[in-house]
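Listing of upload16.cif, mmCIF, C-alpha atoms
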```
data_data
#
loop_
_atom_site.label_atom_id
_atom_site.label_comp_id
_atom_site.auth_asym_id
_atom_site.auth_seq_id
_atom_site.Cartn_x
_atom_site.Cartn_y
_atom_site.Cartn_z
CA MET A 21 5.43 -1.97 -14.34
CA LEU A 22 1.81 -2.15 -15.58
CA GLY A 23 1.80 -5.93 -15.10
CA LYS A 24 2.84 -5.60 -11.47
CA ALA A 25 0.41 -2.71 -10.95
CA TYR A 26 -2.28 -5.10 -12.15
CA ILE A 27 -1.17 -7.63 -9.50
CA VAL A 28 -1.50 -4.94 -6.78
CA PHE A 29 -4.91 -4.03 -8.21
CA LEU A 30 -6.05 -7.68 -8.17
CA LYS A 31 -4.89 -8.07 -4.57
CA ASP A 32 -6.88 -4.98 -3.52
CA LEU A 33 -9.91 -6.16 -5.46
CA HIS A 34 -9.67 -9.55 -3.76
CA LEU A 35 -9.43 -7.90 -0.31
CA GLU A 36 -12.35 -5.58 -1.12
CA PHE A 37 -14.56 -8.50 -2.19
CA ARG A 38 -13.75 -10.18 1.10
CA THR A 39 -14.23 -7.18 3.42
CA ARG A 40 -16.45 -4.87 1.28
CA TYR A 41 -15.37 -1.97 3.51
CA ALA A 42 -14.81 0.76 0.93
CA MET A 43 -17.73 -0.23 -1.30
CA ASN A 44 -20.17 -0.32 1.64
CA ALA A 45 -18.96 3.04 2.99
CA ILE A 46 -19.27 4.75 -0.40
CA LEU A 47 -22.58 3.16 -1.29
CA MET A 48 -24.20 3.88 2.07
CA PHE A 49 -23.19 7.54 1.89
CA ALA A 50 -24.43 7.92 -1.70
CA ILE A 51 -27.77 6.17 -1.16
CA THR A 52 -28.47 8.00 2.12
CA THR A 53 -27.77 11.40 0.54
CA LEU A 54 -29.79 10.60 -2.56
CA THR A 55 -32.75 9.32 -0.57
CA ALA A 56 -32.72 12.32 1.79
CA ILE A 57 -32.71 14.78 -1.11
CA SER A 58 -35.35 12.85 -3.01
CA PHE A 59 -37.74 12.74 -0.03
CA SER A 60 -37.30 16.42 0.80
CA LEU A 61 -37.95 17.46 -2.81
CA GLY A 62 -41.02 15.30 -3.35
CA PRO A 63 -42.44 15.66 -6.86
CA VAL A 64 -40.57 18.92 -7.59
CA ARG A 65 -38.50 18.64 -10.75
CA LEU A 66 -35.21 20.48 -10.42
CA ARG A 67 -33.46 22.35 -13.22
CA SER A 68 -30.12 21.22 -14.63
CA GLU A 69 -28.34 24.13 -12.82
CA ILE A 70 -29.24 22.39 -9.52
CA LEU A 71 -29.18 18.74 -10.63
CA ALA A 72 -25.66 18.78 -12.08
CA PRO A 73 -23.96 20.16 -8.93
CA LEU A 74 -26.13 17.88 -6.78
CA LEU A 75 -24.92 14.82 -8.70
CA TRP A 76 -21.27 15.82 -8.39
CA ILE A 77 -21.63 16.74 -4.69
CA ILE A 78 -22.96 13.22 -4.07
CA LEU A 79 -20.16 11.66 -6.12
CA PHE A 80 -17.44 13.82 -4.52
CA PHE A 81 -18.43 13.19 -0.89
CA SER A 82 -19.11 9.51 -1.57
CA ALA A 83 -15.59 9.28 -2.98
CA MET A 84 -14.29 11.10 0.11
CA SER A 85 -15.99 8.54 2.37
CA GLY A 86 -14.27 5.52 0.86
CA LEU A 87 -11.44 6.13 -1.59
CA SER A 88 -8.86 6.88 1.11
CA HIS A 89 -9.33 3.34 2.41
CA ILE A 90 -7.00 1.96 -0.25
CA PHE A 91 -3.93 3.39 1.54
CA VAL A 92 -5.32 3.73 5.06
CA ARG A 93 -5.91 -0.04 5.15
CA GLU A 94 -2.26 -0.73 4.32
CA GLU A 95 -1.06 1.58 7.12
CA GLU A 96 -3.60 0.47 9.72
CA GLN A 97 -2.97 -3.23 9.15
CA GLN A 98 0.78 -2.61 9.01
CA THR A 99 1.08 -4.13 5.54
CA ALA A 100 2.46 -0.92 3.97
CA ASP A 101 6.06 -1.81 4.88
CA THR A 102 5.56 -5.31 3.49
CA LEU A 103 4.39 -3.77 0.22
CA ARG A 104 7.30 -1.29 0.24
CA LEU A 105 9.69 -4.23 0.46
CA VAL A 106 8.37 -6.11 -2.57
CA THR A 107 7.66 -3.56 -5.26
CA THR A 108 8.36 -0.08 -6.59
CA PRO A 109 6.34 3.00 -5.50
CA ASN A 110 4.91 3.67 -8.96
CA THR A 111 3.63 0.10 -9.22
CA VAL A 112 1.77 0.62 -5.96
CA PHE A 113 0.36 3.98 -7.07
CA LEU A 114 -0.89 2.67 -10.42
CA GLY A 115 -2.42 -0.44 -8.83
CA LYS A 116 -4.25 1.66 -6.24
CA TRP A 117 -5.31 4.19 -8.88
CA PHE A 118 -6.82 1.44 -11.07
CA PHE A 119 -8.71 0.20 -8.03
CA ASN A 120 -10.11 3.63 -7.09
CA VAL A 121 -11.19 4.32 -10.69
CA LEU A 122 -12.98 0.97 -10.78
CA LEU A 123 -14.59 1.58 -7.38
CA LEU A 124 -15.91 4.97 -8.50
CA PHE A 125 -17.27 3.46 -11.74
CA ALA A 126 -18.95 0.68 -9.75
CA LEU A 127 -20.54 3.30 -7.49
CA GLU A 128 -21.80 5.24 -10.52
CA LEU A 129 -23.26 2.09 -12.01
CA ILE A 130 -25.61 1.98 -9.01
CA ILE A 131 -26.03 5.68 -8.26
CA ILE A 132 -26.68 7.05 -11.76
CA PRO A 133 -29.79 4.90 -12.48
CA LEU A 134 -31.08 5.77 -8.98
CA PHE A 135 -30.38 9.46 -9.61
CA PHE A 136 -32.26 9.28 -12.92
CA ALA A 137 -35.23 7.59 -11.25
CA MET A 138 -35.44 9.63 -8.04
CA MET A 139 -34.78 13.04 -9.56
CA ASN A 140 -36.91 12.57 -12.70
CA LEU A 141 -33.77 13.33 -14.64
CA SER A 142 -33.77 13.55 -18.42
CA VAL A 143 -30.57 14.00 -20.38
CA GLU A 144 -30.56 15.38 -23.90
CA SER A 145 -26.93 14.58 -24.87
CA VAL A 146 -26.49 11.14 -23.33
CA GLY A 147 -23.08 10.44 -24.88
CA LEU A 148 -21.60 13.67 -23.57
CA PHE A 149 -23.19 13.13 -20.14
CA PHE A 150 -21.39 9.80 -19.79
CA LEU A 151 -18.17 11.21 -21.21
CA PHE A 152 -18.17 13.89 -18.49
CA LEU A 153 -18.98 11.26 -15.92
CA VAL A 154 -16.06 9.05 -17.00
CA LEU A 155 -13.50 11.88 -17.29
CA GLY A 156 -14.66 13.52 -14.04
CA SER A 157 -14.47 10.19 -12.20
CA ILE A 158 -10.96 9.49 -13.48
CA GLY A 159 -9.87 12.96 -12.32
CA LEU A 160 -11.55 12.53 -8.95
CA ALA A 161 -10.00 9.07 -8.48
CA SER A 162 -6.55 10.44 -9.40
CA VAL A 163 -6.73 13.27 -6.85
CA SER A 164 -8.19 10.94 -4.20
CA THR A 165 -5.48 8.32 -4.67
CA LEU A 166 -2.65 10.83 -4.28
CA ILE A 167 -4.20 12.53 -1.25
CA ALA A 168 -5.05 9.14 0.29
CA ALA A 169 -1.37 8.21 0.16
CA ILE A 170 -0.46 11.45 1.95
CA ILE A 171 -3.12 11.33 4.66
CA SER A 172 -2.70 7.61 5.40
CA GLN A 173 0.42 8.49 7.38
CA ALA A 174 -1.32 11.25 9.40
CA SER A 175 -3.46 10.91 12.52
CA ALA A 176 -6.69 12.90 11.76
CA ARG A 177 -7.18 11.09 8.46
CA GLY A 178 -10.92 11.46 7.87
CA ALA A 179 -11.04 15.24 8.14
CA LEU A 180 -7.76 15.76 6.32
CA PHE A 181 -8.81 13.74 3.29
CA ALA A 182 -11.73 15.98 2.31
CA VAL A 183 -9.93 19.19 3.35
CA LEU A 184 -6.88 18.42 1.18
CA SER A 185 -8.79 16.88 -1.71
CA PHE A 186 -11.33 19.65 -2.16
CA PRO A 187 -9.01 22.48 -3.36
CA ILE A 188 -7.15 20.13 -5.72
CA ALA A 189 -10.35 18.58 -7.06
CA LEU A 190 -12.06 21.97 -7.52
CA PRO A 191 -11.08 22.43 -11.23
CA ILE A 192 -12.43 18.92 -11.91
CA LEU A 193 -15.67 19.61 -10.08
CA ILE A 194 -16.23 22.98 -11.80
CA SER A 195 -15.65 21.57 -15.30
CA ALA A 196 -17.58 18.37 -14.63
CA ILE A 197 -20.56 20.26 -13.19
CA HIS A 198 -20.60 22.73 -16.09
CA GLY A 199 -20.25 19.99 -18.70
CA THR A 200 -22.87 17.78 -17.04
CA ARG A 201 -25.32 20.72 -16.96
CA LEU A 202 -24.76 21.42 -20.66
CA SER A 203 -25.25 17.73 -21.53
CA MET A 204 -28.49 17.60 -19.52
CA ASP A 205 -29.89 20.57 -21.45
CA GLY A 206 -28.61 19.25 -24.76
CA THR A 207 -25.45 20.48 -26.43
CA THR A 208 -22.88 19.64 -29.07
CA PHE A 209 -19.34 18.30 -28.62
CA SER A 210 -17.81 21.60 -29.81
CA ASN A 211 -19.77 23.58 -27.20
CA CYS A 212 -18.24 21.70 -24.30
CA ILE A 213 -14.78 21.00 -25.70
CA SER A 214 -13.13 23.41 -23.23
CA ASP A 215 -14.59 21.54 -20.22
CA LEU A 216 -13.51 18.21 -21.69
CA GLN A 217 -10.02 19.59 -22.28
CA VAL A 218 -9.78 20.79 -18.68
CA LEU A 219 -10.93 17.40 -17.34
CA PHE A 220 -8.60 15.43 -19.58
CA SER A 221 -5.51 17.60 -19.12
CA PHE A 222 -6.04 17.95 -15.37
CA SER A 223 -6.17 14.16 -14.99
CA VAL A 224 -3.03 13.76 -17.10
CA VAL A 225 -1.21 16.39 -15.01
CA ILE A 226 -2.29 14.82 -11.70
CA ILE A 227 -1.33 11.28 -12.78
CA THR A 228 2.05 12.47 -14.13
CA LEU A 229 2.78 14.51 -11.00
CA SER A 230 1.73 11.57 -8.83
CA LEU A 231 4.13 9.23 -10.62
CA ILE A 232 6.95 11.74 -10.07
CA LEU A 233 6.11 12.60 -6.45
CA PHE A 234 4.75 9.34 -5.14
CA GLU A 235 8.13 7.88 -4.23
CA PHE A 236 8.70 10.75 -1.75
CA ILE A 237 5.30 10.13 -0.18
CA TRP A 238 5.59 6.35 -0.10
CA ARG A 239 9.16 6.09 1.20
CA LYS A 240 9.32 7.75 4.60
CA MET B 28 29.30 -12.26 -3.14
CA TRP B 29 27.19 -9.65 -1.36
CA GLN B 30 28.33 -6.90 0.98
CA ILE B 31 26.43 -4.41 3.07
CA GLU B 32 28.30 -1.31 4.16
CA ALA B 33 26.77 1.06 6.66
CA GLU B 34 28.67 4.31 7.09
CA HIS B 35 28.26 6.74 9.99
CA ILE B 36 24.52 6.26 10.41
CA THR B 37 22.82 8.65 12.77
CA GLN B 38 19.11 8.71 13.40
CA GLN B 39 17.05 11.23 15.30
CA PHE B 40 13.35 11.84 15.77
CA ASN B 41 12.21 15.32 16.82
CA ARG B 42 15.72 16.35 17.92
CA ARG B 43 16.07 13.22 20.06
CA ILE B 44 19.07 11.27 18.88
CA ILE B 45 18.29 7.53 18.77
CA PHE B 46 21.84 6.45 17.87
CA ARG B 47 24.81 8.13 16.27
CA ASP B 48 27.69 7.25 13.99
CA ILE B 49 26.97 3.55 13.49
CA SER B 50 29.22 1.86 10.92
CA PHE B 51 29.57 -1.80 10.02
CA ARG B 52 30.32 -4.11 7.12
CA VAL B 53 28.91 -7.58 6.56
CA SER B 54 29.52 -9.97 3.64
CA SER B 55 28.02 -13.21 2.33
CA GLY B 56 28.79 -16.06 4.70
CA GLU B 57 28.75 -13.72 7.69
CA SER B 58 26.20 -12.69 10.24
CA LEU B 59 25.71 -9.54 12.22
CA VAL B 60 23.77 -9.17 15.43
CA LEU B 61 22.31 -5.88 16.59
CA THR B 62 21.87 -5.64 20.35
CA GLY B 63 20.79 -2.96 22.78
CA HIS B 64 18.17 -2.37 25.43
CA ASN B 65 14.54 -1.56 24.60
CA GLY B 66 14.33 1.78 22.80
CA SER B 67 17.98 1.79 21.79
CA GLY B 68 17.00 1.82 18.09
CA LYS B 69 17.50 -1.77 16.92
CA THR B 70 14.27 -1.79 14.92
CA THR B 71 15.00 1.69 13.54
CA LEU B 72 18.41 0.49 12.36
CA VAL B 73 16.84 -2.60 10.77
CA ARG B 74 14.35 -0.37 8.93
CA ILE B 75 17.19 1.85 7.73
CA ILE B 76 19.16 -1.17 6.46
CA CYS B 77 16.06 -2.36 4.56
CA GLN B 78 15.57 1.13 3.06
CA LEU B 79 12.16 1.44 4.70
CA ILE B 80 13.21 4.75 6.29
CA ARG B 81 15.98 7.18 5.49
CA PRO B 82 18.67 7.87 8.09
CA TYR B 83 19.18 11.42 9.36
CA ARG B 84 22.86 11.10 8.43
CA GLY B 85 25.01 8.43 6.83
CA GLN B 86 24.21 5.79 4.25
CA VAL B 87 23.81 2.07 3.66
CA ARG B 88 25.37 0.66 0.50
CA PHE B 89 24.77 -2.72 -1.09
CA LEU B 90 27.52 -4.27 -3.19
CA ARG B 91 27.41 -7.39 -5.34
CA ASP B 92 30.83 -8.60 -6.49
CA ASN B 93 32.19 -5.17 -5.44
CA ARG B 94 29.71 -3.33 -7.67
CA ALA B 95 27.21 -1.00 -6.00
CA ILE B 96 23.57 -2.00 -6.42
CA PRO B 97 21.07 0.89 -6.52
CA ASN B 98 18.88 0.87 -3.43
CA GLU B 99 15.66 0.51 -5.44
CA ARG B 100 16.97 -2.79 -6.89
CA ILE B 101 17.80 -4.32 -3.55
CA TYR B 102 14.31 -5.44 -2.55
CA PRO B 103 14.24 -8.73 -4.54
CA HIS B 104 17.32 -9.82 -2.57
CA ILE B 105 16.00 -9.07 0.94
CA GLY B 106 13.90 -11.22 3.23
CA LEU B 107 12.68 -9.48 6.38
CA VAL B 108 10.81 -10.79 9.40
CA GLY B 109 9.80 -8.28 12.05
CA PRO B 110 6.93 -7.62 14.42
CA TYR B 111 5.89 -4.48 12.48
CA LEU B 112 5.78 -6.28 9.15
CA GLN B 113 2.37 -7.83 8.66
CA LEU B 114 0.81 -9.97 5.95
CA TYR B 115 -2.73 -9.68 4.54
CA ASN B 116 -4.91 -11.17 7.27
CA ASN B 117 -8.02 -11.37 5.08
CA LEU B 118 -6.22 -13.52 2.53
CA THR B 119 -5.28 -17.18 2.97
CA ALA B 120 -1.63 -18.23 3.28
CA LEU B 121 -1.71 -19.48 -0.31
CA GLU B 122 -3.24 -16.21 -1.57
CA ASN B 123 -0.56 -14.26 0.30
CA TYR B 124 2.12 -16.46 -1.24
CA THR B 125 0.61 -16.10 -4.74
CA PHE B 126 0.56 -12.30 -4.40
CA PHE B 127 4.13 -12.04 -3.10
CA ALA B 128 5.51 -14.49 -5.69
CA ARG B 129 3.81 -12.69 -8.58
CA ILE B 130 4.76 -9.19 -7.40
CA ARG B 131 8.38 -10.37 -7.04
CA GLY B 132 8.19 -11.59 -10.64
CA LEU B 133 8.57 -15.25 -9.65
CA PRO B 134 6.50 -18.21 -10.86
CA VAL B 135 3.81 -19.42 -8.47
CA ASP B 136 5.23 -22.76 -7.34
CA VAL B 137 2.63 -24.30 -5.05
CA SER B 138 4.78 -27.34 -4.22
CA LEU B 139 7.61 -25.06 -3.08
CA PHE B 140 5.12 -23.11 -0.96
CA ARG B 141 3.77 -26.33 0.58
CA ARG B 142 7.31 -27.46 1.41
CA TRP B 143 8.00 -24.21 3.26
CA MET B 144 4.65 -24.42 5.06
CA GLU B 145 5.45 -27.98 6.12
CA ARG B 146 8.92 -27.00 7.30
CA LEU B 147 7.46 -24.20 9.42
CA GLY B 148 4.87 -26.59 10.91
CA LEU B 149 1.89 -25.13 9.06
CA LYS B 150 0.96 -28.11 6.89
CA GLY B 151 -2.77 -28.24 6.22
CA ARG B 152 -3.36 -24.54 6.97
CA GLU B 153 -2.57 -23.27 3.48
CA MET B 154 -6.18 -22.43 2.63
CA ASP B 155 -7.03 -20.69 5.93
CA GLU B 156 -7.24 -16.91 6.15
CA LEU B 157 -4.41 -15.53 8.25
CA ARG B 158 -6.86 -13.85 10.64
CA THR B 159 -7.65 -17.33 11.95
CA TYR B 160 -3.97 -17.97 12.79
CA SER B 161 -2.52 -17.63 16.28
CA SER B 162 0.32 -15.13 16.86
CA GLY B 163 2.88 -17.95 16.75
CA MET B 164 1.49 -19.25 13.46
CA LEU B 165 1.56 -15.75 12.02
CA GLN B 166 5.23 -15.48 12.95
CA ARG B 167 5.85 -18.81 11.19
CA VAL B 168 4.03 -17.79 8.01
CA LYS B 169 6.09 -14.57 7.95
CA TYR B 170 9.14 -16.81 7.59
CA VAL B 171 7.52 -18.60 4.64
CA MET B 172 6.98 -15.26 2.86
CA ALA B 173 10.47 -14.01 3.72
CA LEU B 174 12.25 -17.16 2.56
CA PHE B 175 10.50 -18.64 -0.50
CA HIS B 176 12.46 -16.35 -2.89
CA GLN B 177 15.76 -17.51 -1.32
CA PRO B 178 16.98 -14.04 -0.30
CA ASP B 179 20.69 -13.23 -0.34
CA ILE B 180 20.14 -11.02 2.70
CA LEU B 181 17.95 -12.25 5.57
CA ILE B 182 17.12 -9.71 8.25
CA LEU B 183 15.33 -10.86 11.40
CA ASP B 184 14.01 -8.49 14.04
CA GLU B 185 13.12 -10.38 17.23
CA PRO B 186 13.36 -13.67 15.29
CA THR B 187 11.67 -15.97 17.80
CA SER B 188 8.99 -13.71 19.28
CA ASN B 189 5.70 -15.62 19.80
CA LEU B 190 7.32 -18.93 18.79
CA ASP B 191 7.18 -22.13 20.83
CA GLU B 192 10.14 -24.45 21.36
CA GLU B 193 9.63 -26.32 18.09
CA GLY B 194 9.23 -23.09 16.08
CA THR B 195 12.32 -21.61 17.73
CA ALA B 196 14.36 -24.69 16.80
CA THR B 197 13.24 -24.42 13.15
CA VAL B 198 14.17 -20.73 13.05
CA TYR B 199 17.62 -21.46 14.54
CA GLU B 200 18.08 -24.08 11.84
CA ILE B 201 17.15 -21.55 9.14
CA MET B 202 19.52 -18.98 10.66
CA GLN B 203 22.35 -21.51 10.67
CA GLU B 204 21.73 -22.35 6.99
CA GLN B 205 21.50 -18.69 5.95
CA LYS B 206 24.77 -17.63 7.53
CA LYS B 207 26.72 -20.37 5.73
CA GLU B 208 26.69 -18.68 2.32
CA LYS B 209 24.48 -15.63 2.61
CA ILE B 210 24.08 -12.60 4.85
CA LEU B 211 22.18 -12.85 8.12
CA ILE B 212 21.36 -9.80 10.25
CA LEU B 213 19.61 -10.24 13.59
CA ALA B 214 18.21 -7.70 16.02
CA THR B 215 17.81 -9.38 19.38
CA ASN B 216 18.66 -9.41 23.05
CA GLU B 217 18.25 -13.16 23.57
CA PRO B 218 21.60 -14.72 24.61
CA GLN B 219 20.84 -17.92 22.60
CA GLU B 220 20.38 -15.81 19.47
CA ILE B 221 23.33 -13.46 19.97
CA ARG B 222 25.62 -16.47 19.51
CA PHE B 223 24.50 -16.68 15.85
CA GLY B 224 26.26 -13.37 15.14
CA ASP B 225 29.85 -13.37 13.90
CA ARG B 226 29.95 -9.68 14.74
CA GLU B 227 27.95 -7.51 17.10
CA VAL B 228 26.82 -3.91 16.90
CA HIS B 229 25.69 -2.75 20.32
CA LEU B 230 23.38 0.24 20.39
CA ALA B 231 23.90 2.07 23.64
CA GLY B 232 20.87 4.35 23.20
#
```

Using structure tokens, write down the structure that the file contains.
Amino acid sequence: MLGKAYIVFLKDLHLEFRTRYAMNAILMFAITTLTAISFSLGPVRLRSEILAPLLWIILFFSAMSGLSHIFVREEEQQTADTLRLVTTPNTVFLGKWFFNVLLLFALELIIIPLFFAMMNLSVESVGLFFLFLVLGSIGLASVSTLIAAIISQASARGALFAVLSFPIALPILISAIHGTRLSMDGTTFSNCISDLQVLFSFSVVIITLSLILFEFIWRK
Amino acid sequence: MWQIEAEHITQQFNRRIIFRDISFRVSSGESLVLTGHNGSGKTTLVRIICQLIRPYRGQVRFLRDNRAIPNERIYPHIGLVGPYLQLYNNLTALENYTFFARIRGLPVDVSLFRRWMERLGLKGREMDELRTYSSGMLQRVKYVMALFHQPDILILDEPTSNLDEEGTATVYEIMQEQKKEKILILATNEPQEIRFGDREVHLAG
């Protein structure tokens, strides 16, 4: 199944390189938001209590602007039925999930250095900061992929995506924001173990539930 | 030896009954034609047969040598061409073929792909993105993707839509070959195509 999921992932990656739709949408949103905040703040240096939520708000809404595209594209271009005919639902889910995780990581590769530079950000526990970023992104990508599959078959997709994703992603956001704040101020692994546990277990639960439920979403 | 058994299929959308109590049986070496006026539910029935949607009532069973095949294992044996079934327009024909061959677990045989492209009159267009194809060419390339894995069950919804005379003749040839040893199901209202059916299911709507 993983081998075929990789083939779905490669196909989506190939299509994304050719159209650059999702990447452009996500990147434009993230850079616009970051620039607007940076200009309005000027030289003011914000505290970690503000910077951590700000970072995750940018990441969350950037994800909302582009991650649904992975399923919406299949429905809009009427290729979803073609895909349904050639492979199993879980293969599709895993392939799309890999793609969304990679897309979010690619976004962070650009946004995080910009965030550091524009917000005069300094992080005391760098390792933990990136661990929270990775786990939070995986959780966010997992929720987004599942909700994207649901909303791709609805009419008011754009609004529905954020509305449905937000309550499910809330535990991820709360733990990621708290953990990111602690890592900015400087902390030890044992101090933020509970946040890491929440992020890890929530992602595992969402991915497991998705693999169980996805067939009912994918097959009409 | 394959068999498809449809038993008492009823479909309704929002309380509107599209068709009710449709039953049929078709085996390898036979063909079935689905007819009915526009809106009678031919495409809906095709989608139910392919397991793309679930019927409101009834069931479709697939049997191989009298043994039931689970529905989730039927996809490698089906080839479907229909107006609602699109390929990836931003990929070339060869990239589409590579994806579908690999996802079906088959080796990527470029010479086989070229032979099918040539047969469907698309020689030399293998490396072009499908968005540059005309509607007739897109219909032809759909046949390439539906046939390269030599499906035991070929289902064609409006088989010659958008095709010119030459393309239509090729499709008729393919239909004739398929019904010799395998299962062919057609959804059409064209009198020239109805004659390919050994049996007919008419949807009154």

Exercise. Rank B:Glu145, B:Glu99, B:Glu32, B:Glu192 by their smallest atom-to-atom distance to Val106 in chain A, using all atoms listed in the file, and report the top residue only.
Key: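 Residue with the minimum atom-to-atom distance to Val106 in chain A: B:Glu99.
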
Practice problem: Anything within 8 Å of (16.9, 0.4, 2.0): list those residues as a list in words, counting all atoms listed in the file and sticking to the file's coordinates. | Solution: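 All residues meeting the 8 Å criterion around (16.9, 0.4, 2.0) are Arg74, Ile75, Ile76, Cys77, Gln78, Leu79, Ile80, Arg81, Val87, Asn98, Glu99, Ile101 and Tyr102 of chain B.
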
Practice problem: When you get a sec, could you note down which chain A residues fall within 9 Å of chain B, using only C-alpha atoms, as a list in words? | Solution: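 In the required form, that comes to Gly23, Lys24, Ala25, Ile27, Val28, Leu30, Lys31, His34, Leu35, Arg38, Thr39, Glu94, Gln97, Gln98, Thr99, Ala100, Asp101, Thr102, Leu103, Arg104, Leu105, Val106, Thr107, Thr108, Arg239 and Lys240 of chain A.
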
Self-check item: Shell around Glu217 in chain B at 12 Å using only C-alpha atoms, local window under 3 positions removed, as a list in words
Solution: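 Contacts, in chain order: Val60, Leu61, Thr62, Gly63, His64, Asp184, Glu185, Pro186, Thr187, Ser188, Thr195, Leu213, Ala214, Glu220, Ile221, Arg222, Phe223 and Gly224 of chain B.
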
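Proximity of B:Tyr199, B:Tyr83, B:Trp29, B:Phe46 to Leu183 in chain B, computed with all atoms listed in the file, is greatest for B:Tyr199.
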
Quiz item: Evaluating the PyMOL selection byres ((chain A and resi 41) around 12) on the displayed file yields which residues, as a ChimeraX atom specification?
Solution: /A:32-40,42-48,85-90,92-93,123

Quiz item: What gap, in Å, lies between CA of Leu219 in chain A and CA of Ala196 in chain A?
Solution: 7.2 Å

As a check of understanding, name the residues that the PyMOL selection byres ((chain A and resi 159) around 10) selects in the supplied structure, as a short mmCIF file (atom, residue, chain, number, x, y, z; two decimals) with C-alpha atoms, in the coordinates of the input.
```cif
data_model
loop_
_atom_site.label_atom_id
_atom_site.label_comp_id
_atom_site.auth_asym_id
_atom_site.auth_seq_id
_atom_site.Cartn_x
_atom_site.Cartn_y
_atom_site.Cartn_z
CA VAL A 121 -11.19 4.32 -10.69
CA LEU A 153 -18.98 11.26 -15.92
CA VAL A 154 -16.06 9.05 -17.00
CA LEU A 155 -13.50 11.88 -17.29
CA GLY A 156 -14.66 13.52 -14.04
CA SER A 157 -14.47 10.19 -12.20
CA ILE A 158 -10.96 9.49 -13.48
CA LEU A 160 -11.55 12.53 -8.95
CA ALA A 161 -10.00 9.07 -8.48
CA SER A 162 -6.55 10.44 -9.40
CA VAL A 163 -6.73 13.27 -6.85
CA SER A 164 -8.19 10.94 -4.20
CA THR A 165 -5.48 8.32 -4.67
CA ALA A 189 -10.35 18.58 -7.06
CA PRO A 191 -11.08 22.43 -11.23
CA ILE A 192 -12.43 18.92 -11.91
CA LEU A 193 -15.67 19.61 -10.08
CA ALA A 196 -17.58 18.37 -14.63
CA LEU A 219 -10.93 17.40 -17.34
CA PHE A 220 -8.60 15.43 -19.58
CA SER A 221 -5.51 17.60 -19.12
CA PHE A 222 -6.04 17.95 -15.37
CA SER A 223 -6.17 14.16 -14.99
CA VAL A 224 -3.03 13.76 -17.10
CA VAL A 225 -1.21 16.39 -15.01
CA ILE A 226 -2.29 14.82 -11.70
CA ILE A 227 -1.33 11.28 -12.78
#
```

Quiz item: Which residue, B:Arg94, B:Lys69, B:Lys169, B:His35, has the smallest gap to Glu227 in chain B when you use only C-alpha atoms?
Solution: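 Comparing B:Arg94, B:Lys69, B:Lys169, B:His35 against Glu227 in chain B, the winner is B:Lys69.
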
Quiz item: Hey, which of A:Thr111, A:Ile78, A:Thr55, A:Met84 ends up closest to Leu22 in chain A? Count only C-alpha atoms.
Solution: A:Thr111

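From CA of Ser58 in chain A back to CA of Phe150 in chain A, the distance works out to 22.0 Å.
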
Practice problem: Figure out the distance between CA of Arg91 in chain B and CA of Thr197 in chain B, please, to one decimal in Å. | Solution: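 A separation of 28.9 Å between them.
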
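For range 59-73 of chain A, the residues within 8 Å (counting only C-alpha atoms, excluding itself and residues fewer than 3 positions away along the chain) are Thr55, Ala56, Trp76, Ile77, Met139, Asn140, Ile197, His198, Thr200, Arg201, Met204 and Asp205 of chain A.
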
Exercise. I would like the residues chosen by the PyMOL selection byres ((chain B and resi 151) around 12) on the shown file; could you give them as a PyMOL selection string?
Key: chain B and resi 119-121+140-150+152-155

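With distances restricted to only C-alpha atoms, A:Phe29 is the closest residue to Phe118 in chain A from A:Phe29, A:Phe234, A:Phe135, A:Phe209.
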
Quiz item: Of the candidates B:Ala33, B:Ile44, B:Val135, B:Ile201, which shows the shortest atom-to-atom distance to Gly85 in chain B, using all atoms listed in the file?
Solution: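 Among the listed residues, B:Ala33 lies closest to Gly85 in chain B.
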